[in-house]
Amino acid sequence: MFYPFLRDDVIAILKEIVERADSFHDIIKGLVEESSNYAIDSDIGFMTCILAPLYQDCWDAVSSRLEESMLTIPVKIYFEGPSWNIEQLERLKQSFQDAIESKPDDWILFHLYALGSFGFPNPESSDYVERAKKLAESNPTILRFLPFVMYTEVYSLRNEGDIQGTIKKCDEALEIAREYDDYYWIATLMLAKANVIKDVDHHKGLEILDELFSYISNRSGRSEAIYLVAITMALPYYAMGEYDMALELLLEDFRITSQFTGSDNLKERYSSASIIAKVYCHLEMPKEALDWLYTHSQDLEFLGEMTNSTAAHAFILLDQLERAAEFLEKTRKAAFLSGYDGDMGMYQMVQGLYYLASGELSIAEDLLQQALHLSDPQFQVSVNMCLKSLTRVEIARVDVKADNDAESSGPWMTRLRKHAYEKNFKGIMMEYHLLKAEYQTIIGENEAAKQTLSDALEITDSLTVKTLRKRIENKLKEIERAPHLKKRKE
């Protein structure tokens, strides 16, 4: 179906590999093993080199051979070279030019164009997209590969913030992928679509991800569904405050990725480990967060802005502010270098937490408001943390001698409640109730605090929020065990 233009003997080999495989990973592993009998620029060799990067163990097994042909050198440079280094970019350009001028078969040429659409900044990227489309128009046998370059357009539209355009392009590419029963691109495009939708509607995004998880499980097994989808599925649960479900998915991803790539391959396991650490910070469990950061680096040396900000957050929670400041500085440098709103918002949010812990409430409030502005509406995890932290600033300013409103500490608590209930984020609703009860005990409204906590337990009894439920139950017992805390006199 997919490669009808290949020789009959090559198709026979491919069919045999597919028939004995239990998963897509098995197919690519089989290709890697078979390709050792052929030149790397043969049909089987080139097919292997464009599919092997999907799995680290497959890539590790074939990458050393890619220097053997000018057709495959661009693939090696793209997947192993540093990003946008001028010297590296020139080398990449020359390797593409050499490969294209060698006049390969159209299907190989198309994949080189498609890779070029990812490998270069504009305008080179757009030029490669157009070349690939023109080639497909002139050779209908490779129309089936169009989703590869359409995905470049999906990525660009999403970066531009064009949500509707992104979804439309995803649907157009999905139509082609489904026409040819293209398992990989159906899965990839559904994942891309869900990723966009979850940023504006987490519940709808999860519906698509559930459908995708079932699709992959039925076609290629549950382990592969975890490998391809678990991190993306974890993010909406994380944003909704259903932290235990997010952790369950991330821990499964960490375990399965270790199986697919080798337990010592830190690079592949890095994504899930760093997000696990971040979730633990949001649960205010800094020791657990640091344990996961240490799985990546015993010296806590990180390149990623997110991981440095997570380390800073963990040390803030441990009240080790000098250590936190070291990681904040690394976060600042990375954020200003990228100029990306998400990175800047993350940096300012953690900086705000630092000043909140230092007791400098006005500075904390200013920074958290700036972070909220940069994060809303796309980065809901940061929005949640900003609103919770601004509510903490508000609570810290409460004058216990004043005539306080038992229902709210002020506008930030009110906004947090509105946010949680309008979004139907059940975990964030529960955290709002915890903050409200904390405020009520501070002003002496202990019976009201107990009612607030009891109401929180009615929100959901799902295992997705078991840590928050346990925290609420413990807080309720703590208030009930403190008979000396009397209701404030009217």
# chains A, B, ... in the order shown; residues from 1 in each chain; ligands from 1
$ residues_around --residues "Asp455 of chain A" --least-positions-apart "4" --cutoff "9 Å" --atoms "only C-alpha atoms" --output "list in words"
Met430, His433, Lys450, Gln451 and Ile459 of chain A
$ select_by_dssp --residues "segment 147-310 of chain A" --states "alpha helix (DSSP H)" --output "ChimeraX atom specification"
/A:147-159,163-179,183-200,202-220,222-239,243-261,266-282,286-296,305-310
$ residues_around --residues "Ser126 of chain A" --least-positions-apart "5" --cutoff "10 Å" --atoms "only C-alpha atoms" --output "PDB file with C-alpha atoms, in the first residue's frame"
ATOM      1  CA  GLY A 116      14.607  20.216   4.822  1.00  0.00           C
ATOM      2  CA  SER A 117      11.262  21.763   5.738  1.00  0.00           C
ATOM      3  CA  PHE A 118      12.089  20.956   9.387  1.00  0.00           C
ATOM      4  CA  PHE A 120      16.028  25.086   8.244  1.00  0.00           C
ATOM      5  CA  PRO A 121      14.553  28.384   9.370  1.00  0.00           C
ATOM      6  CA  ARG A 131       9.388  21.757  -3.601  1.00  0.00           C
ATOM      7  CA  ALA A 132       7.912  18.701  -1.881  1.00  0.00           C
ATOM      8  CA  VAL A 149       5.385  18.299   4.900  1.00  0.00           C
ATOM      9  CA  THR A 152       5.630  21.402   9.045  1.00  0.00           C
ATOM     10  CA  GLU A 153       2.781  23.793   8.213  1.00  0.00           C
ATOM     11  CA  SER A 156       4.312  26.816  11.921  1.00  0.00           C
TER      12      SER A 156
END
$ residues_around --residues "segment 212-224 of chain A" --least-positions-apart "4" --cutoff "7 Å" --atoms "only C-alpha atoms" --output "short mmCIF file (atom, residue, chain, number, x, y, z; two decimals) with N, CA and C atoms, in the first residue's frame"
data_model
loop_
_atom_site.label_atom_id
_atom_site.label_comp_id
_atom_site.auth_asym_id
_atom_site.auth_seq_id
_atom_site.Cartn_x
_atom_site.Cartn_y
_atom_site.Cartn_z
N ASP A 22 4.94 -7.25 16.26
CA ASP A 22 3.79 -7.03 17.13
C ASP A 22 3.50 -5.55 17.35
N SER A 23 4.42 -4.69 16.90
CA SER A 23 4.24 -3.25 17.12
C SER A 23 5.00 -2.49 16.03
N PHE A 24 4.73 -1.19 15.96
CA PHE A 24 5.44 -0.34 15.01
C PHE A 24 6.93 -0.31 15.36
N ALA A 187 -1.53 8.82 13.78
CA ALA A 187 -1.24 9.00 15.20
C ALA A 187 -0.59 10.36 15.47
N MET A 190 -3.17 13.26 14.92
CA MET A 190 -4.16 13.29 16.01
C MET A 190 -3.52 13.87 17.28
N ILE A 208 -9.85 13.47 22.48
CA ILE A 208 -9.07 13.08 21.30
C ILE A 208 -7.91 12.18 21.71
N LEU A 228 4.08 6.91 22.95
CA LEU A 228 3.76 7.99 22.03
C LEU A 228 2.81 9.04 22.61
N VAL A 229 1.99 8.66 23.60
CA VAL A 229 0.89 9.55 24.00
C VAL A 229 0.92 9.96 25.48
N ILE A 256 8.35 2.74 30.27
CA ILE A 256 8.31 2.21 28.91
C ILE A 256 9.45 2.78 28.07
#
$ residues_around --residues "Lys287 of chain A" --least-positions-apart "2" --cutoff "12 Å" --atoms "only C-alpha atoms" --output "PyMOL selection string"
chain A and resi 277-278+280-281+283-285+289-294+310-311+313-319
$ write_last_selection --atoms "N, CA and C atoms" --output "PDB file, in the first residue's frame"
ATOM      1  N   ALA A 277       9.080  15.960  38.161  1.00  0.00           N
ATOM      2  CA  ALA A 277       9.620  16.857  39.184  1.00  0.00           C
ATOM      3  C   ALA A 277       8.768  18.115  39.301  1.00  0.00           C
ATOM      4  N   LYS A 278       8.340  18.634  38.163  1.00  0.00           N
ATOM      5  CA  LYS A 278       7.537  19.852  38.160  1.00  0.00           C
ATOM      6  C   LYS A 278       6.174  19.614  38.832  1.00  0.00           C
ATOM      7  N   TYR A 280       5.530  17.430  41.148  1.00  0.00           N
ATOM      8  CA  TYR A 280       5.755  17.341  42.596  1.00  0.00           C
ATOM      9  C   TYR A 280       5.934  18.725  43.220  1.00  0.00           C
ATOM     10  N   CYS A 281       6.542  19.646  42.487  1.00  0.00           N
ATOM     11  CA  CYS A 281       6.638  21.018  43.005  1.00  0.00           C
ATOM     12  C   CYS A 281       5.264  21.635  43.171  1.00  0.00           C
ATOM     13  N   LEU A 283       2.633  20.083  43.809  1.00  0.00           N
ATOM     14  CA  LEU A 283       2.029  19.422  44.969  1.00  0.00           C
ATOM     15  C   LEU A 283       2.732  19.812  46.265  1.00  0.00           C
ATOM     16  N   GLU A 284       3.723  20.715  46.172  1.00  0.00           N
ATOM     17  CA  GLU A 284       4.521  21.160  47.305  1.00  0.00           C
ATOM     18  C   GLU A 284       5.209  19.984  47.990  1.00  0.00           C
ATOM     19  N   MET A 285       5.836  19.139  47.159  1.00  0.00           N
ATOM     20  CA  MET A 285       6.609  17.981  47.629  1.00  0.00           C
ATOM     21  C   MET A 285       8.026  18.112  47.047  1.00  0.00           C
ATOM     22  N   ALA A 289      10.492  16.056  44.215  1.00  0.00           N
ATOM     23  CA  ALA A 289      10.875  16.747  42.973  1.00  0.00           C
ATOM     24  C   ALA A 289      12.374  16.645  42.736  1.00  0.00           C
ATOM     25  N   LEU A 290      13.165  16.899  43.786  1.00  0.00           N
ATOM     26  CA  LEU A 290      14.618  16.842  43.636  1.00  0.00           C
ATOM     27  C   LEU A 290      15.105  15.422  43.346  1.00  0.00           C
ATOM     28  N   ASP A 291      14.451  14.426  43.927  1.00  0.00           N
ATOM     29  CA  ASP A 291      14.820  13.034  43.627  1.00  0.00           C
ATOM     30  C   ASP A 291      14.756  12.779  42.120  1.00  0.00           C
ATOM     31  N   TRP A 292      13.712  13.310  41.469  1.00  0.00           N
ATOM     32  CA  TRP A 292      13.553  13.090  40.021  1.00  0.00           C
ATOM     33  C   TRP A 292      14.527  13.949  39.221  1.00  0.00           C
ATOM     34  N   LEU A 293      14.841  15.125  39.716  1.00  0.00           N
ATOM     35  CA  LEU A 293      15.848  15.935  39.032  1.00  0.00           C
ATOM     36  C   LEU A 293      17.221  15.264  39.106  1.00  0.00           C
ATOM     37  N   TYR A 294      17.497  14.606  40.226  1.00  0.00           N
ATOM     38  CA  TYR A 294      18.773  13.900  40.362  1.00  0.00           C
ATOM     39  C   TYR A 294      18.866  12.686  39.443  1.00  0.00           C
ATOM     40  N   THR A 310      12.302  24.464  37.642  1.00  0.00           N
ATOM     41  CA  THR A 310      11.772  23.471  38.582  1.00  0.00           C
ATOM     42  C   THR A 310      12.713  23.292  39.764  1.00  0.00           C
ATOM     43  N   ALA A 311      14.027  23.262  39.483  1.00  0.00           N
ATOM     44  CA  ALA A 311      15.007  23.169  40.574  1.00  0.00           C
ATOM     45  C   ALA A 311      14.891  24.390  41.493  1.00  0.00           C
ATOM     46  N   HIS A 313      12.242  26.222  41.992  1.00  0.00           N
ATOM     47  CA  HIS A 313      10.972  26.080  42.718  1.00  0.00           C
ATOM     48  C   HIS A 313      11.140  25.122  43.896  1.00  0.00           C
ATOM     49  N   ALA A 314      11.821  23.983  43.656  1.00  0.00           N
ATOM     50  CA  ALA A 314      12.010  22.995  44.718  1.00  0.00           C
ATOM     51  C   ALA A 314      12.798  23.588  45.887  1.00  0.00           C
ATOM     52  N   PHE A 315      13.864  24.327  45.586  1.00  0.00           N
ATOM     53  CA  PHE A 315      14.671  24.914  46.659  1.00  0.00           C
ATOM     54  C   PHE A 315      13.924  26.042  47.378  1.00  0.00           C
ATOM     55  N   ILE A 316      13.041  26.741  46.671  1.00  0.00           N
ATOM     56  CA  ILE A 316      12.185  27.748  47.331  1.00  0.00           C
ATOM     57  C   ILE A 316      11.292  27.054  48.359  1.00  0.00           C
ATOM     58  N   LEU A 317      10.695  25.937  47.960  1.00  0.00           N
ATOM     59  CA  LEU A 317       9.804  25.194  48.870  1.00  0.00           C
ATOM     60  C   LEU A 317      10.566  24.655  50.074  1.00  0.00           C
ATOM     61  N   LEU A 318      11.858  24.356  49.883  1.00  0.00           N
ATOM     62  CA  LEU A 318      12.695  23.871  50.983  1.00  0.00           C
ATOM     63  C   LEU A 318      13.272  25.030  51.806  1.00  0.00           C
ATOM     64  N   ASP A 319      12.934  26.263  51.409  1.00  0.00           N
ATOM     65  CA  ASP A 319      13.428  27.476  52.058  1.00  0.00           C
ATOM     66  C   ASP A 319      14.950  27.585  51.970  1.00  0.00           C
TER      67      ASP A 319
END
$ closest_atom_pairs --of "segment 405-443 of chain A" --to "segment 230-240 of chain A" --cutoff "9 Å" --atoms "only C-alpha atoms" --output "tab-separated table"
residue	atom	partner	partner_atom	distance
A:Ala420	CA	A:Met240	CA	8.3
A:Lys423	CA	A:Met240	CA	8.2
A:Asn424	CA	A:Met240	CA	7.7
A:Phe425	CA	A:Met240	CA	4.3
A:Lys426	CA	A:Met240	CA	6.3
A:Gly427	CA	A:Met240	CA	5.8
A:Ile428	CA	A:Met240	CA	6.3
A:Met429	CA	A:Met240	CA	8.9
$ residues_around --residues "Ile73 of chain A" --least-positions-apart "5" --cutoff "9 Å" --atoms "only C-alpha atoms" --output "PyMOL selection string"
chain A and resi 66-68+78+92+95-96+99
$ write_last_selection --atoms "N, CA and C atoms" --output "PDB file, in the first residue's frame"
ATOM      1  N   LEU A  66      25.352   6.277   8.633  1.00  0.00           N
ATOM      2  CA  LEU A  66      24.784   7.309   7.775  1.00  0.00           C
ATOM      3  C   LEU A  66      25.835   8.160   7.064  1.00  0.00           C
ATOM      4  N   GLU A  67      27.086   8.095   7.527  1.00  0.00           N
ATOM      5  CA  GLU A  67      28.168   8.814   6.851  1.00  0.00           C
ATOM      6  C   GLU A  67      28.587   8.111   5.555  1.00  0.00           C
ATOM      7  N   GLU A  68      28.039   6.925   5.303  1.00  0.00           N
ATOM      8  CA  GLU A  68      28.468   6.121   4.156  1.00  0.00           C
ATOM      9  C   GLU A  68      27.920   6.630   2.828  1.00  0.00           C
ATOM     10  N   TYR A  78      21.137  16.467  10.728  1.00  0.00           N
ATOM     11  CA  TYR A  78      19.914  17.059  11.272  1.00  0.00           C
ATOM     12  C   TYR A  78      19.603  16.515  12.666  1.00  0.00           C
ATOM     13  N   LEU A  92      24.871  21.676   7.002  1.00  0.00           N
ATOM     14  CA  LEU A  92      23.592  21.036   6.700  1.00  0.00           C
ATOM     15  C   LEU A  92      23.109  21.437   5.306  1.00  0.00           C
ATOM     16  N   SER A  95      25.106  19.625   2.664  1.00  0.00           N
ATOM     17  CA  SER A  95      24.776  18.196   2.602  1.00  0.00           C
ATOM     18  C   SER A  95      23.460  17.979   1.862  1.00  0.00           C
ATOM     19  N   PHE A  96      22.483  18.870   2.071  1.00  0.00           N
ATOM     20  CA  PHE A  96      21.221  18.768   1.341  1.00  0.00           C
ATOM     21  C   PHE A  96      21.449  19.002  -0.156  1.00  0.00           C
ATOM     22  N   ALA A  99      23.043  15.928  -1.686  1.00  0.00           N
ATOM     23  CA  ALA A  99      22.111  14.807  -1.772  1.00  0.00           C
ATOM     24  C   ALA A  99      21.098  15.015  -2.885  1.00  0.00           C
TER      25      ALA A  99
END
$ closest_residue --among "A:Ile176, A:Ala192, A:Ile50, A:Ala39" --to "Leu143 of chain A" --atoms "only C-alpha atoms"
A:Ile176
$ closest_residue --among "A:Ile472, A:Gly352, A:Phe302, A:Ser102" --to "Ala325 of chain A" --atoms "only C-alpha atoms"
A:Gly352
$ closest_residue --among "A:Val400, A:Lys436, A:Ile17, A:Leu468" --to "Met413 of chain A" --atoms "only C-alpha atoms"
A:Lys436
$ decode --residues "segment 390-430 of chain A" --atoms "N, CA and C atoms" --output "PDB file, in the first residue's frame"
ATOM      1  N   LEU A 390      -0.843  34.297  43.972  1.00  0.00           N
ATOM      2  CA  LEU A 390      -1.394  35.637  44.230  1.00  0.00           C
ATOM      3  C   LEU A 390      -2.395  35.590  45.378  1.00  0.00           C
ATOM      4  N   THR A 391      -3.134  34.498  45.482  1.00  0.00           N
ATOM      5  CA  THR A 391      -4.045  34.322  46.614  1.00  0.00           C
ATOM      6  C   THR A 391      -3.260  34.210  47.914  1.00  0.00           C
ATOM      7  N   ARG A 392      -2.104  33.532  47.868  1.00  0.00           N
ATOM      8  CA  ARG A 392      -1.251  33.426  49.058  1.00  0.00           C
ATOM      9  C   ARG A 392      -0.716  34.802  49.470  1.00  0.00           C
ATOM     10  N   VAL A 393      -0.348  35.624  48.474  1.00  0.00           N
ATOM     11  CA  VAL A 393       0.080  37.001  48.782  1.00  0.00           C
ATOM     12  C   VAL A 393      -1.050  37.723  49.508  1.00  0.00           C
ATOM     13  N   GLU A 394      -2.252  37.569  49.001  1.00  0.00           N
ATOM     14  CA  GLU A 394      -3.433  38.220  49.568  1.00  0.00           C
ATOM     15  C   GLU A 394      -3.668  37.760  51.011  1.00  0.00           C
ATOM     16  N   ILE A 395      -3.541  36.453  51.228  1.00  0.00           N
ATOM     17  CA  ILE A 395      -3.756  35.901  52.571  1.00  0.00           C
ATOM     18  C   ILE A 395      -2.682  36.405  53.540  1.00  0.00           C
ATOM     19  N   ALA A 396      -1.446  36.506  53.031  1.00  0.00           N
ATOM     20  CA  ALA A 396      -0.338  36.962  53.880  1.00  0.00           C
ATOM     21  C   ALA A 396      -0.536  38.396  54.365  1.00  0.00           C
ATOM     22  N   ARG A 397      -1.357  39.162  53.660  1.00  0.00           N
ATOM     23  CA  ARG A 397      -1.596  40.558  54.030  1.00  0.00           C
ATOM     24  C   ARG A 397      -2.811  40.750  54.937  1.00  0.00           C
ATOM     25  N   VAL A 398      -3.481  39.652  55.265  1.00  0.00           N
ATOM     26  CA  VAL A 398      -4.714  39.757  56.037  1.00  0.00           C
ATOM     27  C   VAL A 398      -4.440  40.338  57.435  1.00  0.00           C
ATOM     28  N   ASP A 399      -5.233  41.289  57.792  1.00  0.00           N
ATOM     29  CA  ASP A 399      -5.196  41.856  59.147  1.00  0.00           C
ATOM     30  C   ASP A 399      -6.238  41.104  59.978  1.00  0.00           C
ATOM     31  N   VAL A 400      -5.765  40.243  60.893  1.00  0.00           N
ATOM     32  CA  VAL A 400      -6.693  39.382  61.640  1.00  0.00           C
ATOM     33  C   VAL A 400      -7.607  40.187  62.567  1.00  0.00           C
ATOM     34  N   LYS A 401      -7.230  41.430  62.843  1.00  0.00           N
ATOM     35  CA  LYS A 401      -8.056  42.250  63.730  1.00  0.00           C
ATOM     36  C   LYS A 401      -9.183  42.972  62.975  1.00  0.00           C
ATOM     37  N   ALA A 402      -9.082  42.947  61.653  1.00  0.00           N
ATOM     38  CA  ALA A 402     -10.093  43.656  60.860  1.00  0.00           C
ATOM     39  C   ALA A 402     -11.353  42.813  60.732  1.00  0.00           C
ATOM     40  N   ASP A 403     -12.386  43.442  60.205  1.00  0.00           N
ATOM     41  CA  ASP A 403     -13.646  42.736  59.989  1.00  0.00           C
ATOM     42  C   ASP A 403     -13.587  42.075  58.615  1.00  0.00           C
ATOM     43  N   ASN A 404     -13.010  40.869  58.560  1.00  0.00           N
ATOM     44  CA  ASN A 404     -12.764  40.189  57.294  1.00  0.00           C
ATOM     45  C   ASN A 404     -13.991  39.423  56.806  1.00  0.00           C
ATOM     46  N   ASP A 405     -14.101  39.323  55.487  1.00  0.00           N
ATOM     47  CA  ASP A 405     -15.168  38.550  54.863  1.00  0.00           C
ATOM     48  C   ASP A 405     -14.819  37.065  54.963  1.00  0.00           C
ATOM     49  N   ALA A 406     -15.688  36.272  55.557  1.00  0.00           N
ATOM     50  CA  ALA A 406     -15.403  34.849  55.756  1.00  0.00           C
ATOM     51  C   ALA A 406     -15.390  34.056  54.447  1.00  0.00           C
ATOM     52  N   GLU A 407     -15.943  34.625  53.385  1.00  0.00           N
ATOM     53  CA  GLU A 407     -16.055  33.881  52.127  1.00  0.00           C
ATOM     54  C   GLU A 407     -14.892  34.094  51.178  1.00  0.00           C
ATOM     55  N   SER A 408     -14.137  35.172  51.360  1.00  0.00           N
ATOM     56  CA  SER A 408     -13.038  35.426  50.430  1.00  0.00           C
ATOM     57  C   SER A 408     -12.017  36.370  51.044  1.00  0.00           C
ATOM     58  N   SER A 409     -10.746  36.082  50.752  1.00  0.00           N
ATOM     59  CA  SER A 409      -9.681  36.959  51.238  1.00  0.00           C
ATOM     60  C   SER A 409      -9.551  38.203  50.368  1.00  0.00           C
ATOM     61  N   GLY A 410     -10.181  38.175  49.179  1.00  0.00           N
ATOM     62  CA  GLY A 410     -10.096  39.326  48.295  1.00  0.00           C
ATOM     63  C   GLY A 410     -10.211  38.941  46.826  1.00  0.00           C
ATOM     64  N   PRO A 411      -9.874  39.845  45.913  1.00  0.00           N
ATOM     65  CA  PRO A 411     -10.103  39.620  44.478  1.00  0.00           C
ATOM     66  C   PRO A 411      -9.329  38.439  43.885  1.00  0.00           C
ATOM     67  N   TRP A 412      -8.137  38.134  44.410  1.00  0.00           N
ATOM     68  CA  TRP A 412      -7.379  37.016  43.823  1.00  0.00           C
ATOM     69  C   TRP A 412      -8.004  35.673  44.179  1.00  0.00           C
ATOM     70  N   MET A 413      -8.469  35.532  45.396  1.00  0.00           N
ATOM     71  CA  MET A 413      -9.155  34.289  45.760  1.00  0.00           C
ATOM     72  C   MET A 413     -10.443  34.142  44.956  1.00  0.00           C
ATOM     73  N   THR A 414     -11.148  35.255  44.776  1.00  0.00           N
ATOM     74  CA  THR A 414     -12.376  35.226  43.976  1.00  0.00           C
ATOM     75  C   THR A 414     -12.071  34.832  42.533  1.00  0.00           C
ATOM     76  N   ARG A 415     -10.981  35.374  41.990  1.00  0.00           N
ATOM     77  CA  ARG A 415     -10.617  35.041  40.611  1.00  0.00           C
ATOM     78  C   ARG A 415     -10.172  33.579  40.492  1.00  0.00           C
ATOM     79  N   LEU A 416      -9.456  33.085  41.502  1.00  0.00           N
ATOM     80  CA  LEU A 416      -9.044  31.674  41.493  1.00  0.00           C
ATOM     81  C   LEU A 416     -10.271  30.763  41.469  1.00  0.00           C
ATOM     82  N   ARG A 417     -11.278  31.096  42.285  1.00  0.00           N
ATOM     83  CA  ARG A 417     -12.494  30.286  42.306  1.00  0.00           C
ATOM     84  C   ARG A 417     -13.177  30.297  40.937  1.00  0.00           C
ATOM     85  N   LYS A 418     -13.315  31.486  40.357  1.00  0.00           N
ATOM     86  CA  LYS A 418     -13.960  31.612  39.053  1.00  0.00           C
ATOM     87  C   LYS A 418     -13.211  30.803  37.992  1.00  0.00           C
ATOM     88  N   HIS A 419     -11.902  30.916  38.002  1.00  0.00           N
ATOM     89  CA  HIS A 419     -11.061  30.186  37.044  1.00  0.00           C
ATOM     90  C   HIS A 419     -11.274  28.673  37.172  1.00  0.00           C
ATOM     91  N   ALA A 420     -11.193  28.151  38.392  1.00  0.00           N
ATOM     92  CA  ALA A 420     -11.293  26.701  38.612  1.00  0.00           C
ATOM     93  C   ALA A 420     -12.662  26.165  38.208  1.00  0.00           C
ATOM     94  N   TYR A 421     -13.721  26.891  38.555  1.00  0.00           N
ATOM     95  CA  TYR A 421     -15.074  26.388  38.279  1.00  0.00           C
ATOM     96  C   TYR A 421     -15.472  26.596  36.823  1.00  0.00           C
ATOM     97  N   GLU A 422     -15.078  27.696  36.215  1.00  0.00           N
ATOM     98  CA  GLU A 422     -15.403  27.906  34.802  1.00  0.00           C
ATOM     99  C   GLU A 422     -14.692  26.884  33.913  1.00  0.00           C
ATOM    100  N   LYS A 423     -13.454  26.555  34.272  1.00  0.00           N
ATOM    101  CA  LYS A 423     -12.679  25.578  33.494  1.00  0.00           C
ATOM    102  C   LYS A 423     -13.048  24.140  33.857  1.00  0.00           C
ATOM    103  N   ASN A 424     -13.774  23.977  34.965  1.00  0.00           N
ATOM    104  CA  ASN A 424     -14.100  22.643  35.487  1.00  0.00           C
ATOM    105  C   ASN A 424     -12.823  21.852  35.785  1.00  0.00           C
ATOM    106  N   PHE A 425     -11.848  22.535  36.416  1.00  0.00           N
ATOM    107  CA  PHE A 425     -10.598  21.915  36.847  1.00  0.00           C
ATOM    108  C   PHE A 425     -10.789  21.424  38.286  1.00  0.00           C
ATOM    109  N   LYS A 426     -11.108  20.149  38.434  1.00  0.00           N
ATOM    110  CA  LYS A 426     -11.522  19.650  39.751  1.00  0.00           C
ATOM    111  C   LYS A 426     -10.406  19.742  40.798  1.00  0.00           C
ATOM    112  N   GLY A 427      -9.184  19.426  40.405  1.00  0.00           N
ATOM    113  CA  GLY A 427      -8.085  19.528  41.357  1.00  0.00           C
ATOM    114  C   GLY A 427      -7.833  20.958  41.796  1.00  0.00           C
ATOM    115  N   ILE A 428      -7.965  21.901  40.876  1.00  0.00           N
ATOM    116  CA  ILE A 428      -7.757  23.313  41.218  1.00  0.00           C
ATOM    117  C   ILE A 428      -8.898  23.807  42.107  1.00  0.00           C
ATOM    118  N   MET A 429     -10.110  23.295  41.886  1.00  0.00           N
ATOM    119  CA  MET A 429     -11.218  23.610  42.800  1.00  0.00           C
ATOM    120  C   MET A 429     -10.850  23.196  44.225  1.00  0.00           C
ATOM    121  N   MET A 430     -10.283  22.002  44.359  1.00  0.00           N
ATOM    122  CA  MET A 430      -9.930  21.493  45.685  1.00  0.00           C
ATOM    123  C   MET A 430      -8.819  22.340  46.312  1.00  0.00           C
TER     124      MET A 430
END
